[in-house]
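Just below is one structure, and these are the notes that go with it.
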Amino acid sequence: MKTTIIKIDRNQPEGLEEAARILRSGGLVAFPTETVYGLGAVCTDERALLNIFAVKGRPADNPLILHIYHWDQLGQIVSSVSPAAEKLIERYWPGPLTLIFPKRPEISSVVTANLDTVAVRMPSDPAARELLRITDIPVAAPSANLSGKPSPTLGEHVINDLAGKIEMIIDAGPCPAGVESTVLSLTGAAPVLLRPGVITREEMEEVLGKPILKAKPGDSDRPQAPGMKYRHYAPEAPVALFEGEPEQIVSEINSRLAAKRQGQKVVVLGTTENIPNYHNEWVLDMGPRERPEIIAGRIYQLLRFCDQLQADQIYIEGTADRGVGTAVINRLRKAAGGNIIHVS
Ligand code: TXA
Ligand code: MG
């Protein structure tokens, strides 16, 4: 298939009529959002929805998020909106927060992977909003990467993964947040954070005036955010994530670097403060330790860059598990696929 690639200015989105036409006729379009690029299909076309799973190689039991433009569209998708959901919507939509609601029967089970709930978000990115506005049908969109790869935060990431497989890619340069939306379930007795993002648990607890539970993997037979159970966000090379005090992480990584095999290409991802302290040819700057939002903006790009460098091994300096840092460390742990070294 020939993929049409268009470049646009995300703050002055123009010329998206063709993209909307492709979507409305059942094609797939990759588009920018404020978090990561999405791979879109209209939620009313089951063949197009199934195509999303086929193109990505995505397991069928991992449901999709519906993206909306109008407030009215929410009522077409969900059967009820709780007072807690209303508070969060008022505060954070449009923006990088996905909420889980009870679904209306009309919503395809392909979107929800047979769950009786549905994930919805209203993106704030001007280009995403313009595309959703003229398409005028809610758009189902997972991240626009091949399943298992880091989510795409640059047009070229999408081109590398999906060119030749979908009708159109809209390239609007780097996505500002850099990690996927926060996912919060409001369908049970207490709110549950299913995926941390740049909108944090701490700030949503303030808005709600009550605690938000953290989803624990293995809590139930049926994972609450099915997507979170897979090895995700992973570059080609094995990743080792080091967690603990920064000085001890540096000395542990340095002692492993000293013992590396002849010719082995090891890439270190470290915080700005520690870059000069690593003894290695390849050291990449994730951003300052106290600025996790900067690290979030760079992390997927750096993981994909490790593939371009053809790294044999990646060592990552773990960062603090609080605020936006929780979203960062969550993605790093998944990239490490369980290979986490606690130093103390
Ligand atoms: O920022 C984002 O959310 C991006 C952009 C494109 O909007 N999209 C994205 O989609 O990250 P995806 O498919 O990569 O992740 C969706 C997550 C998965 O972990 C999935 O399991 C969860 O949302 N999810 C979707 N529907 C759900 C539901 N009904 N109940 C629980 N989790 C759900
Ligand atoms: Mg994804």
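Residues in the structure tokens are numbered from 1 in each chain, the chains being A, B, ... in the order shown, and ligands are numbered from 1 in the order shown.
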Would you kindly return, as a compact mmCIF listing (two decimals) with C-alpha atoms, in the first residue's frame, each protein, DNA or RNA residue with an atom no farther than 12 Å from any atom of Gly318 in chain A, considering only C-alpha atoms and excluding same-chain residues fewer than 6 positions away?
# COMPACT_ATOMS: atom_id res chain seq x y z
CA VAL A 239 17.52 -3.17 28.96
CA ALA A 240 18.74 -3.21 32.57
CA LEU A 241 17.12 -0.63 34.85
CA PHE A 242 18.97 0.42 38.01
CA GLU A 243 16.93 1.76 40.92
CA GLY A 244 18.15 3.23 44.21
CA GLU A 245 20.32 6.16 45.28
CA PRO A 246 21.83 8.02 42.30
CA GLU A 247 25.49 7.76 43.45
CA GLN A 248 25.15 4.02 43.98
CA ILE A 249 23.49 3.59 40.61
CA VAL A 250 26.41 5.39 38.94
CA ILE A 253 26.76 0.93 36.21
CA VAL A 268 23.86 4.36 29.12
CA LEU A 269 20.77 6.55 29.65
CA GLY A 270 21.48 8.85 32.58
CA THR A 271 20.20 12.03 34.18
CA ASN A 274 25.31 12.29 36.20
CA MET A 286 17.46 11.85 29.68
CA ARG A 289 16.59 14.44 37.81
CA PRO A 292 10.63 14.31 35.12
CA ILE A 295 12.56 13.03 30.82
CA ILE A 299 12.37 8.83 26.80
CA GLY A 325 8.32 10.61 37.54
CA THR A 326 5.85 7.78 38.22
CA ALA A 327 4.90 7.75 34.52
CA VAL A 328 8.60 7.70 33.54
CA ILE A 329 9.65 4.87 35.86
CA ASN A 330 6.54 2.86 34.89
CA ARG A 331 7.59 2.94 31.20
CA LEU A 332 11.24 2.23 32.05
CA ARG A 333 10.27 -0.84 34.12
CA ALA A 335 11.09 -1.49 28.76
CA ALA A 336 13.33 -3.49 31.12
CA ILE A 340 15.50 -4.34 37.42
CA ILE A 341 18.58 -4.09 39.60
CA HIS A 342 18.03 -2.55 43.03
CA VAL A 343 21.23 -1.01 44.36
- Do you know which residues are at most 7 Å from Ala19 in chain A counting only C-alpha atoms, after dropping those on the same chain fewer than 4 positions away, and could you put them as a PyMOL selection string? chain A and resi 23+29+168
Kindly save the residues from that selection, with N, CA, C and O atoms included, as a PDB file, in the first residue's frame.
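Final output, saved to again.pdb:
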ATOM      1  N   LEU A  23     -10.499   8.425   6.849  1.00  0.00           N
ATOM      2  CA  LEU A  23     -11.054   7.825   8.068  1.00  0.00           C
ATOM      3  C   LEU A  23     -12.523   7.453   7.870  1.00  0.00           C
ATOM      4  O   LEU A  23     -12.930   6.328   8.183  1.00  0.00           O
ATOM      5  N   VAL A  29      -5.423   6.254   9.565  1.00  0.00           N
ATOM      6  CA  VAL A  29      -4.601   7.466   9.509  1.00  0.00           C
ATOM      7  C   VAL A  29      -3.852   7.602  10.831  1.00  0.00           C
ATOM      8  O   VAL A  29      -4.464   7.561  11.902  1.00  0.00           O
ATOM      9  N   MET A 168      -2.478   6.866   5.473  1.00  0.00           N
ATOM     10  CA  MET A 168      -1.890   8.200   5.637  1.00  0.00           C
ATOM     11  C   MET A 168      -1.194   8.368   6.979  1.00  0.00           C
ATOM     12  O   MET A 168      -1.630   7.806   7.988  1.00  0.00           O
TER      13      MET A 168
END
Give me, as JSON lines, each residue of range 80-164 of chain A that comes within 9 Å of range 55-73 of chain A, together with its shortest interatomic pair and the distance in Å at one decimal, counting only C-alpha atoms, with rows ordered by chain and rising residue number.
{"residue": "A:Pro94", "atom": "CA", "partner": "A:Tyr69", "partner_atom": "CA", "distance": 8.4}
{"residue": "A:Thr98", "atom": "CA", "partner": "A:Ile65", "partner_atom": "CA", "distance": 7.6}
{"residue": "A:Ser109", "atom": "CA", "partner": "A:Pro63", "partner_atom": "CA", "distance": 8.7}
{"residue": "A:Val110", "atom": "CA", "partner": "A:Pro63", "partner_atom": "CA", "distance": 7.4}
{"residue": "A:Val111", "atom": "CA", "partner": "A:Leu64", "partner_atom": "CA", "distance": 5.2}
{"residue": "A:Thr112", "atom": "CA", "partner": "A:Pro63", "partner_atom": "CA", "distance": 4.6}
{"residue": "A:Ala113", "atom": "CA", "partner": "A:Pro63", "partner_atom": "CA", "distance": 4.8}
{"residue": "A:Asn114", "atom": "CA", "partner": "A:Asp61", "partner_atom": "CA", "distance": 7.8}
{"residue": "A:Leu115", "atom": "CA", "partner": "A:Pro63", "partner_atom": "CA", "distance": 8.1}
{"residue": "A:Val118", "atom": "CA", "partner": "A:Ile65", "partner_atom": "CA", "distance": 7.3}
{"residue": "A:Ala119", "atom": "CA", "partner": "A:Ile65", "partner_atom": "CA", "distance": 4.8}
{"residue": "A:Val120", "atom": "CA", "partner": "A:Leu66", "partner_atom": "CA", "distance": 4.7}
{"residue": "A:Arg121", "atom": "CA", "partner": "A:His67", "partner_atom": "CA", "distance": 5.1}
{"residue": "A:Met122", "atom": "CA", "partner": "A:Ile68", "partner_atom": "CA", "distance": 5.0}
{"residue": "A:Pro123", "atom": "CA", "partner": "A:His67", "partner_atom": "CA", "distance": 6.9}
{"residue": "A:Ala128", "atom": "CA", "partner": "A:Tyr69", "partner_atom": "CA", "distance": 8.8}
{"residue": "A:Arg129", "atom": "CA", "partner": "A:Tyr69", "partner_atom": "CA", "distance": 6.0}
{"residue": "A:Glu130", "atom": "CA", "partner": "A:Tyr69", "partner_atom": "CA", "distance": 8.4}
{"residue": "A:Leu131", "atom": "CA", "partner": "A:Tyr69", "partner_atom": "CA", "distance": 8.9}
{"residue": "A:Leu132", "atom": "CA", "partner": "A:Tyr69", "partner_atom": "CA", "distance": 5.6}
{"residue": "A:Arg133", "atom": "CA", "partner": "A:Tyr69", "partner_atom": "CA", "distance": 5.8}
{"residue": "A:Asp136", "atom": "CA", "partner": "A:Tyr69", "partner_atom": "CA", "distance": 7.9}
{"residue": "A:Ile137", "atom": "CA", "partner": "A:Ile68", "partner_atom": "CA", "distance": 7.8}
{"residue": "A:Pro138", "atom": "CA", "partner": "A:Ile68", "partner_atom": "CA", "distance": 5.1}
{"residue": "A:Val139", "atom": "CA", "partner": "A:His67", "partner_atom": "CA", "distance": 5.1}
{"residue": "A:Ala140", "atom": "CA", "partner": "A:Leu66", "partner_atom": "CA", "distance": 4.3}
{"residue": "A:Ala141", "atom": "CA", "partner": "A:Ile65", "partner_atom": "CA", "distance": 5.8}
{"residue": "A:Pro142", "atom": "CA", "partner": "A:Leu64", "partner_atom": "CA", "distance": 5.8}
{"residue": "A:Ala144", "atom": "CA", "partner": "A:Lys56", "partner_atom": "CA", "distance": 7.8}
{"residue": "A:Asn145", "atom": "CA", "partner": "A:Lys56", "partner_atom": "CA", "distance": 6.6}
{"residue": "A:Leu146", "atom": "CA", "partner": "A:Lys56", "partner_atom": "CA", "distance": 4.5}
{"residue": "A:Ser147", "atom": "CA", "partner": "A:Lys56", "partner_atom": "CA", "distance": 5.3}
{"residue": "A:Gly148", "atom": "CA", "partner": "A:Arg58", "partner_atom": "CA", "distance": 8.5}
{"residue": "A:Asp161", "atom": "CA", "partner": "A:Lys56", "partner_atom": "CA", "distance": 8.7}
{"residue": "A:Leu162", "atom": "CA", "partner": "A:Val55", "partner_atom": "CA", "distance": 7.7}
Let me see the file: selected residues, N, CA, C and O atoms, as a compact mmCIF listing (two decimals), in the first residue's frame.
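Output contents, as saved in out.txt:
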# COMPACT_ATOMS: atom_id res chain seq x y z
N PRO A 94 -10.21 19.42 27.33
CA PRO A 94 -9.35 18.51 26.57
C PRO A 94 -7.96 18.40 27.22
O PRO A 94 -7.43 19.41 27.68
N THR A 98 -7.34 9.80 30.07
CA THR A 98 -8.32 8.84 29.55
C THR A 98 -9.14 8.31 30.72
O THR A 98 -8.57 7.91 31.74
N SER A 109 -17.64 -4.30 20.11
CA SER A 109 -16.83 -5.09 21.05
C SER A 109 -15.38 -5.19 20.57
O SER A 109 -14.50 -5.59 21.33
N VAL A 110 -15.13 -4.82 19.32
CA VAL A 110 -13.73 -4.79 18.85
C VAL A 110 -12.98 -3.65 19.57
O VAL A 110 -11.83 -3.81 19.98
N VAL A 111 -13.65 -2.52 19.76
CA VAL A 111 -13.05 -1.39 20.48
C VAL A 111 -12.74 -1.80 21.92
O VAL A 111 -11.67 -1.52 22.44
N THR A 112 -13.69 -2.46 22.57
CA THR A 112 -13.59 -2.70 24.01
C THR A 112 -13.03 -4.07 24.36
O THR A 112 -12.94 -4.41 25.54
N ALA A 113 -12.66 -4.86 23.34
CA ALA A 113 -12.16 -6.21 23.57
C ALA A 113 -13.13 -6.99 24.47
O ALA A 113 -12.72 -7.66 25.42
N ASN A 114 -14.42 -6.83 24.17
CA ASN A 114 -15.48 -7.55 24.88
C ASN A 114 -15.71 -7.13 26.32
O ASN A 114 -16.49 -7.77 27.03
N LEU A 115 -15.03 -6.09 26.78
CA LEU A 115 -15.32 -5.59 28.14
C LEU A 115 -16.65 -4.83 28.10
O LEU A 115 -17.10 -4.41 27.03
N VAL A 118 -15.63 1.23 28.41
CA VAL A 118 -14.98 1.83 27.25
C VAL A 118 -14.09 2.99 27.72
O VAL A 118 -14.44 3.72 28.65
N ALA A 119 -12.93 3.12 27.07
CA ALA A 119 -11.97 4.19 27.40
C ALA A 119 -12.20 5.37 26.46
O ALA A 119 -12.33 5.19 25.25
N VAL A 120 -12.27 6.59 27.03
CA VAL A 120 -12.52 7.78 26.20
C VAL A 120 -11.55 8.89 26.61
O VAL A 120 -11.27 9.07 27.81
N ARG A 121 -11.06 9.60 25.61
CA ARG A 121 -10.32 10.83 25.92
C ARG A 121 -10.59 11.90 24.88
O ARG A 121 -10.95 11.61 23.74
N MET A 122 -10.42 13.17 25.31
CA MET A 122 -10.59 14.32 24.43
C MET A 122 -9.22 14.99 24.34
O MET A 122 -8.81 15.69 25.27
N PRO A 123 -8.49 14.75 23.26
CA PRO A 123 -7.13 15.31 23.18
C PRO A 123 -7.15 16.83 23.09
O PRO A 123 -8.11 17.42 22.60
N ALA A 128 -4.95 17.22 16.37
CA ALA A 128 -5.85 16.10 16.68
C ALA A 128 -7.28 16.62 16.74
O ALA A 128 -8.22 16.00 16.21
N ARG A 129 -7.47 17.77 17.37
CA ARG A 129 -8.82 18.33 17.50
C ARG A 129 -9.42 18.68 16.14
O ARG A 129 -10.59 18.40 15.89
N GLU A 130 -8.61 19.26 15.27
CA GLU A 130 -9.11 19.62 13.94
C GLU A 130 -9.51 18.36 13.16
O GLU A 130 -10.56 18.33 12.51
N LEU A 131 -8.67 17.33 13.25
CA LEU A 131 -8.99 16.09 12.53
C LEU A 131 -10.28 15.47 13.09
O LEU A 131 -11.15 15.04 12.32
N LEU A 132 -10.42 15.45 14.41
CA LEU A 132 -11.63 14.87 15.02
C LEU A 132 -12.86 15.72 14.68
O LEU A 132 -13.95 15.19 14.48
N ARG A 133 -12.66 17.02 14.60
CA ARG A 133 -13.78 17.91 14.30
C ARG A 133 -14.33 17.63 12.90
O ARG A 133 -15.53 17.43 12.73
N ASP A 136 -15.82 14.02 12.51
CA ASP A 136 -17.18 14.06 13.09
C ASP A 136 -17.73 12.68 13.50
O ASP A 136 -18.94 12.50 13.58
N ILE A 137 -16.83 11.74 13.73
CA ILE A 137 -17.18 10.43 14.29
C ILE A 137 -16.05 10.15 15.31
O ILE A 137 -14.89 10.45 15.01
N PRO A 138 -16.34 9.60 16.49
CA PRO A 138 -15.26 9.28 17.42
C PRO A 138 -14.23 8.35 16.77
O PRO A 138 -14.59 7.46 16.00
N VAL A 139 -12.97 8.60 17.05
CA VAL A 139 -11.88 7.85 16.42
C VAL A 139 -11.19 6.97 17.46
O VAL A 139 -10.71 7.46 18.48
N ALA A 140 -11.17 5.65 17.19
CA ALA A 140 -10.43 4.71 18.04
C ALA A 140 -8.97 4.81 17.65
O ALA A 140 -8.65 4.78 16.47
N ALA A 141 -8.08 4.96 18.65
CA ALA A 141 -6.66 5.06 18.30
C ALA A 141 -5.76 4.56 19.42
O ALA A 141 -5.72 5.14 20.49
N PRO A 142 -5.03 3.48 19.15
CA PRO A 142 -3.91 3.12 20.02
C PRO A 142 -2.70 3.94 19.59
O PRO A 142 -2.77 4.68 18.60
N ALA A 144 0.65 4.72 17.66
CA ALA A 144 0.89 4.34 16.26
C ALA A 144 2.24 3.63 16.06
O ALA A 144 2.99 3.95 15.14
N ASN A 145 2.51 2.65 16.94
CA ASN A 145 3.74 1.87 16.84
C ASN A 145 3.37 0.41 16.57
O ASN A 145 2.24 0.00 16.80
N LEU A 146 4.36 -0.37 16.10
CA LEU A 146 4.15 -1.82 16.07
C LEU A 146 4.07 -2.28 17.52
O LEU A 146 4.76 -1.75 18.40
N SER A 147 3.23 -3.26 17.79
CA SER A 147 3.01 -3.74 19.14
C SER A 147 4.35 -4.15 19.78
O SER A 147 5.15 -4.84 19.14
N GLY A 148 4.60 -3.68 21.00
CA GLY A 148 5.84 -4.03 21.70
C GLY A 148 6.93 -2.99 21.56
O GLY A 148 7.85 -2.94 22.37
N ASP A 161 7.69 2.50 11.51
CA ASP A 161 6.87 1.34 11.90
C ASP A 161 5.76 1.03 10.90
O ASP A 161 5.44 -0.14 10.69
N LEU A 162 5.14 2.06 10.31
CA LEU A 162 3.86 1.82 9.63
C LEU A 162 3.80 2.24 8.16
O LEU A 162 2.78 1.99 7.51
What are the closest atom pairs, with distances in Å to one decimal, for all residues of range 122-168 of chain A lying within 8 Å of range 31-36 of chain A? Consider only C-alpha atoms, order rows by chain and residue number, and present the result as CSV.
residue,atom,partner,partner_atom,distance
A:Pro123,CA,A:Thr33,CA,6.5
A:Ser124,CA,A:Glu34,CA,6.5
A:Asp125,CA,A:Glu34,CA,5.0
A:Ala127,CA,A:Pro32,CA,6.8
A:Ala128,CA,A:Thr33,CA,5.6
A:Ser143,CA,A:Val36,CA,6.5
A:Ala144,CA,A:Val36,CA,8.0
A:Ser151,CA,A:Val36,CA,6.5
A:Pro152,CA,A:Val36,CA,5.8
A:Thr153,CA,A:Val36,CA,4.9
Write the residues of the preceding selection, restricted to N, CA and C atoms, as a short mmCIF file (atom, residue, chain, number, x, y, z; two decimals), in the first residue's frame.
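Saved as out-v8.cif:
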data_model
loop_
_atom_site.label_atom_id
_atom_site.label_comp_id
_atom_site.auth_asym_id
_atom_site.auth_seq_id
_atom_site.Cartn_x
_atom_site.Cartn_y
_atom_site.Cartn_z
N PRO A 123 -8.49 14.75 23.26
CA PRO A 123 -7.13 15.31 23.18
C PRO A 123 -7.15 16.83 23.09
N SER A 124 -6.06 17.45 23.53
CA SER A 124 -5.95 18.91 23.48
C SER A 124 -5.14 19.39 22.29
N ASP A 125 -4.40 18.49 21.65
CA ASP A 125 -3.54 18.89 20.53
C ASP A 125 -4.40 19.51 19.42
N ALA A 127 -4.01 19.86 16.24
CA ALA A 127 -4.13 19.07 15.00
C ALA A 127 -5.07 17.89 15.22
N ALA A 128 -4.95 17.22 16.37
CA ALA A 128 -5.85 16.10 16.68
C ALA A 128 -7.28 16.62 16.74
N SER A 143 -1.60 3.82 20.31
CA SER A 143 -0.36 4.46 19.87
C SER A 143 0.04 3.87 18.52
N ALA A 144 0.65 4.72 17.66
CA ALA A 144 0.89 4.34 16.26
C ALA A 144 2.24 3.63 16.06
N SER A 151 6.33 3.74 22.06
CA SER A 151 5.33 4.58 21.39
C SER A 151 6.02 5.68 20.58
N PRO A 152 5.41 6.08 19.45
CA PRO A 152 6.05 7.07 18.58
C PRO A 152 5.80 8.50 19.06
N THR A 153 6.86 9.26 19.17
CA THR A 153 6.75 10.67 19.58
C THR A 153 7.25 11.61 18.48
#
- Tell me, in Å to one decimal, how far CA of Glu167 in chain A is from CA of Glu17 in chain A.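 Answer for the CA of Glu167 in chain A to CA of Glu17 in chain A separation: 13.8 Å.
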- May I have all residues of range 17-214 of chain A that DSSP, computed from the backbone, assigns to alpha helix (DSSP H), given as a PyMOL selection string? chain A and resi 17-24+46-56+72-77+83-92+109-112+126-135+155-162+201-208
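Using only C-alpha atoms and all ligand atoms, the shortest contact distance between ligand 2 and any of A:Leu208, A:Val42, A:Ala234, A:Val78 is found at A:Ala234.
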- Message: Given only C-alpha atoms as the basis, pick out the residue of A:Gly297, A:Gly323, A:Gly197, A:Pro211 nearest to Pro96 in chain A.
- Response: A:Gly197
